[in-house]
Amino acid sequence: MILFPAIDLKNGECVRLVHGDMDKATVFNVDPVAQAVEFEQTGFEYLHVVDLDGAFAGKPMNAQAVEGMLARLKIPVQLGGGIRDLRTIEGWLSKGVSRVIIGTAAVRDPSLVREAARIHPGRVAVGIDAREGLVAIEGWARVSTMTAAEIGKRFEDAGVSAIIYTDIMRDGVMLGLNIDATLALAEAVNIPVIASGGLASLDDVRRLLQPDCARLAGAISGRALYDGRLRGEDALSLIRDAREALRA
């Protein structure tokens, strides 16, 4: 399992939202590049970045911050937010993003996901953000009529590398991951699923390391890492111990 620290970008700053509400943003670091470097130095293996402004605008809005991270980091970066055409996908991949995350376009233009995954195998993920079981789009501003499983199944044969599944009602409020819904999606599709939204403590990490969660590819943590409820070193130590136990 990979634990991804999250950097959400708004106006060039590192923020966290509550329930995806842009009016409920807390700034945790005005220097997202420094924050990314700190995560790397802590020992995280992969960084999760979202251009929140881009998600609403439908195009990249925090490119300078993202490019700054790419210039400094050695660990891979996955990026979502405002990625809705092939030109943007290829632009980010050429700049060093390891994996792009397509959210709104996965609902509105599934052919884009298929084409991008065909051209760039292993470098395209789908972001599925759900509110009360239905997939939200456009930076969570609108809710579609499709379920997470319906979206996921349409890409099973497309070569998508992962699905990032976020329970919006848990995002930013420290209620713990929605394990049941995430596992239900993982059981419904043959694409690796990454859990997101609500990871709050070491107990959540321990839960992810239980046998029934072995089918999950990882989880994303944001606010808990910023406000000190979860120490990255402690979480990574638990994960390393679990990996070593499996090898033994």
# chains A, B, ... in the order shown; residues from 1 in each chain; ligands from 1
$ closest_atom_pairs --of "range 33-89 of chain A" --to "range 9-14 of chain A" --cutoff "8 Å" --atoms "only C-alpha atoms" --output "JSON lines"
{"residue": "A:Gln35", "atom": "CA", "partner": "A:Cys14", "partner_atom": "CA", "distance": 7.9}
{"residue": "A:Val49", "atom": "CA", "partner": "A:Leu9", "partner_atom": "CA", "distance": 7.6}
{"residue": "A:Val50", "atom": "CA", "partner": "A:Leu9", "partner_atom": "CA", "distance": 6.1}
{"residue": "A:Asp51", "atom": "CA", "partner": "A:Leu9", "partner_atom": "CA", "distance": 5.0}
{"residue": "A:Leu52", "atom": "CA", "partner": "A:Leu9", "partner_atom": "CA", "distance": 5.6}
{"residue": "A:Asp53", "atom": "CA", "partner": "A:Lys10", "partner_atom": "CA", "distance": 5.7}
{"residue": "A:Asn62", "atom": "CA", "partner": "A:Gly12", "partner_atom": "CA", "distance": 5.8}
{"residue": "A:Gln64", "atom": "CA", "partner": "A:Gly12", "partner_atom": "CA", "distance": 7.8}
{"residue": "A:Ala65", "atom": "CA", "partner": "A:Gly12", "partner_atom": "CA", "distance": 6.1}
$ select_by_dssp --residues "range 89-132 of chain A" --states "strand (DSSP E or B)" --output "number ranges by chain"
A: 99-102, 124-131
$ residues_around --residues "Ser196 in chain A" --least-positions-apart "3" --cutoff "7 Å" --atoms "only C-alpha atoms" --output "PyMOL selection string"
chain A and resi 164-167+177+219-220
$ residues_around --residues "range 99-105 of chain A" --least-positions-apart "5" --cutoff "8 Å" --atoms "only C-alpha atoms" --output "NGL selection string"
:A and (77-81 or 83-85 or 89 or 92-93 or 110 or 112-113 or 122-129 or 136-139)
$ select_by_dssp --residues "range 112-148 of chain A" --states "alpha helix (DSSP H)" --output "ChimeraX atom specification"
/A:112-119,148
$ write_last_selection --atoms "C-alpha atoms" --output "PDB file, in the first residue's frame"
ATOM      1  CA  LEU A 112     -10.582  11.075 -23.841  1.00  0.00           C
ATOM      2  CA  VAL A 113      -9.624   8.722 -21.021  1.00  0.00           C
ATOM      3  CA  ARG A 114      -9.442   5.781 -23.395  1.00  0.00           C
ATOM      4  CA  GLU A 115      -7.324   7.644 -25.924  1.00  0.00           C
ATOM      5  CA  ALA A 116      -4.977   9.049 -23.296  1.00  0.00           C
ATOM      6  CA  ALA A 117      -4.537   5.657 -21.633  1.00  0.00           C
ATOM      7  CA  ARG A 118      -3.821   4.062 -25.006  1.00  0.00           C
ATOM      8  CA  ILE A 119      -1.159   6.627 -25.881  1.00  0.00           C
ATOM      9  CA  ALA A 148     -18.845   5.271  -8.849  1.00  0.00           C
TER      10      ALA A 148
END
$ atom_distance --atom1 "CA of Ala149 in chain A" --atom2 "CA of Arg131 in chain A"
13.3 Å
$ atom_distance --atom1 "CA of Leu183 in chain A" --atom2 "CA of Asp204 in chain A"
14.2 Å
$ residues_around --residues "range 225-234 of chain A" --least-positions-apart "5" --cutoff "7 Å" --atoms "only C-alpha atoms" --output "PDB file with N, CA and C atoms, in the first residue's frame"
ATOM      1  N   PHE A  28      -2.538  26.067   4.718  1.00  0.00           N
ATOM      2  CA  PHE A  28      -1.580  25.400   5.596  1.00  0.00           C
ATOM      3  C   PHE A  28      -0.137  25.740   5.249  1.00  0.00           C
ATOM      4  N   THR A  42      10.365  13.413   4.485  1.00  0.00           N
ATOM      5  CA  THR A  42       9.762  12.562   5.507  1.00  0.00           C
ATOM      6  C   THR A  42       9.836  11.093   5.109  1.00  0.00           C
ATOM      7  N   ALA A 200      -7.757  10.117   9.044  1.00  0.00           N
ATOM      8  CA  ALA A 200      -7.588  11.022  10.178  1.00  0.00           C
ATOM      9  C   ALA A 200      -6.534  10.621  11.190  1.00  0.00           C
ATOM     10  N   SER A 201      -6.119   9.353  11.216  1.00  0.00           N
ATOM     11  CA  SER A 201      -5.254   8.922  12.307  1.00  0.00           C
ATOM     12  C   SER A 201      -4.504   7.643  11.962  1.00  0.00           C
ATOM     13  N   LEU A 202      -3.642   7.241  12.875  1.00  0.00           N
ATOM     14  CA  LEU A 202      -2.940   5.972  12.710  1.00  0.00           C
ATOM     15  C   LEU A 202      -3.912   4.802  12.691  1.00  0.00           C
TER      16      LEU A 202
END
$ closest_residue --among "A:Phe44, A:Ile151, A:Val135, A:Ser221" --to "Ala6 in chain A" --atoms "only C-alpha atoms"
A:Ser221
$ atom_distance --atom1 "CA of Pro192 in chain A" --atom2 "CA of Val160 in chain A"
8.9 Å
$ closest_residue --among "A:Ala130, A:Leu199, A:Gly222, A:Ala242" --to "Thr26 in chain A" --atoms "only C-alpha atoms"
A:Gly222
$ residues_around --residues "Lys74 in chain A" --least-positions-apart "3" --cutoff "10 Å" --atoms "only C-alpha atoms" --output "list in words"
Val37, Glu40, Glu45, Tyr46, Met69, Leu70, Ala71 and Val77 of chain A
$ write_last_selection --atoms "N, CA and C atoms" --output "PDB file, in the first residue's frame"
ATOM      1  N   VAL A  37       8.651  19.263  -0.724  1.00  0.00           N
ATOM      2  CA  VAL A  37       9.998  18.815  -0.356  1.00  0.00           C
ATOM      3  C   VAL A  37       9.980  18.211   1.048  1.00  0.00           C
ATOM      4  N   GLU A  40       8.659  14.744   0.857  1.00  0.00           N
ATOM      5  CA  GLU A  40       9.667  13.842   0.307  1.00  0.00           C
ATOM      6  C   GLU A  40      10.717  13.506   1.354  1.00  0.00           C
ATOM      7  N   GLU A  45       6.669   8.169  -0.719  1.00  0.00           N
ATOM      8  CA  GLU A  45       7.141   7.621  -1.993  1.00  0.00           C
ATOM      9  C   GLU A  45       6.458   8.228  -3.215  1.00  0.00           C
ATOM     10  N   TYR A  46       5.354   8.926  -3.001  1.00  0.00           N
ATOM     11  CA  TYR A  46       4.559   9.396  -4.136  1.00  0.00           C
ATOM     12  C   TYR A  46       3.726  10.575  -3.635  1.00  0.00           C
ATOM     13  N   MET A  69       7.325  22.189  -8.019  1.00  0.00           N
ATOM     14  CA  MET A  69       7.453  20.892  -7.341  1.00  0.00           C
ATOM     15  C   MET A  69       8.204  19.894  -8.215  1.00  0.00           C
ATOM     16  N   LEU A  70       7.809  19.839  -9.476  1.00  0.00           N
ATOM     17  CA  LEU A  70       8.444  18.887 -10.388  1.00  0.00           C
ATOM     18  C   LEU A  70       9.944  19.145 -10.511  1.00  0.00           C
ATOM     19  N   ALA A  71      10.343  20.406 -10.417  1.00  0.00           N
ATOM     20  CA  ALA A  71      11.757  20.751 -10.540  1.00  0.00           C
ATOM     21  C   ALA A  71      12.569  20.335  -9.318  1.00  0.00           C
ATOM     22  N   VAL A  77       4.937  12.259  -9.008  1.00  0.00           N
ATOM     23  CA  VAL A  77       3.804  13.130  -8.694  1.00  0.00           C
ATOM     24  C   VAL A  77       2.617  12.734  -9.556  1.00  0.00           C
TER      25      VAL A  77
END
$ closest_residue --among "A:Ala57, A:Gly198, A:Arg72, A:Leu208" --to "Arg16 in chain A" --atoms "only C-alpha atoms"
A:Gly198
$ residues_around --residues "Cys213 in chain A" --least-positions-apart "4" --cutoff "10 Å" --atoms "only C-alpha atoms" --output "list in words"
Met1, Ile179, Asp180, Thr182, Leu183, Ala186, Arg207, Leu208, Leu209, Ala217 and Gly218 of chain A
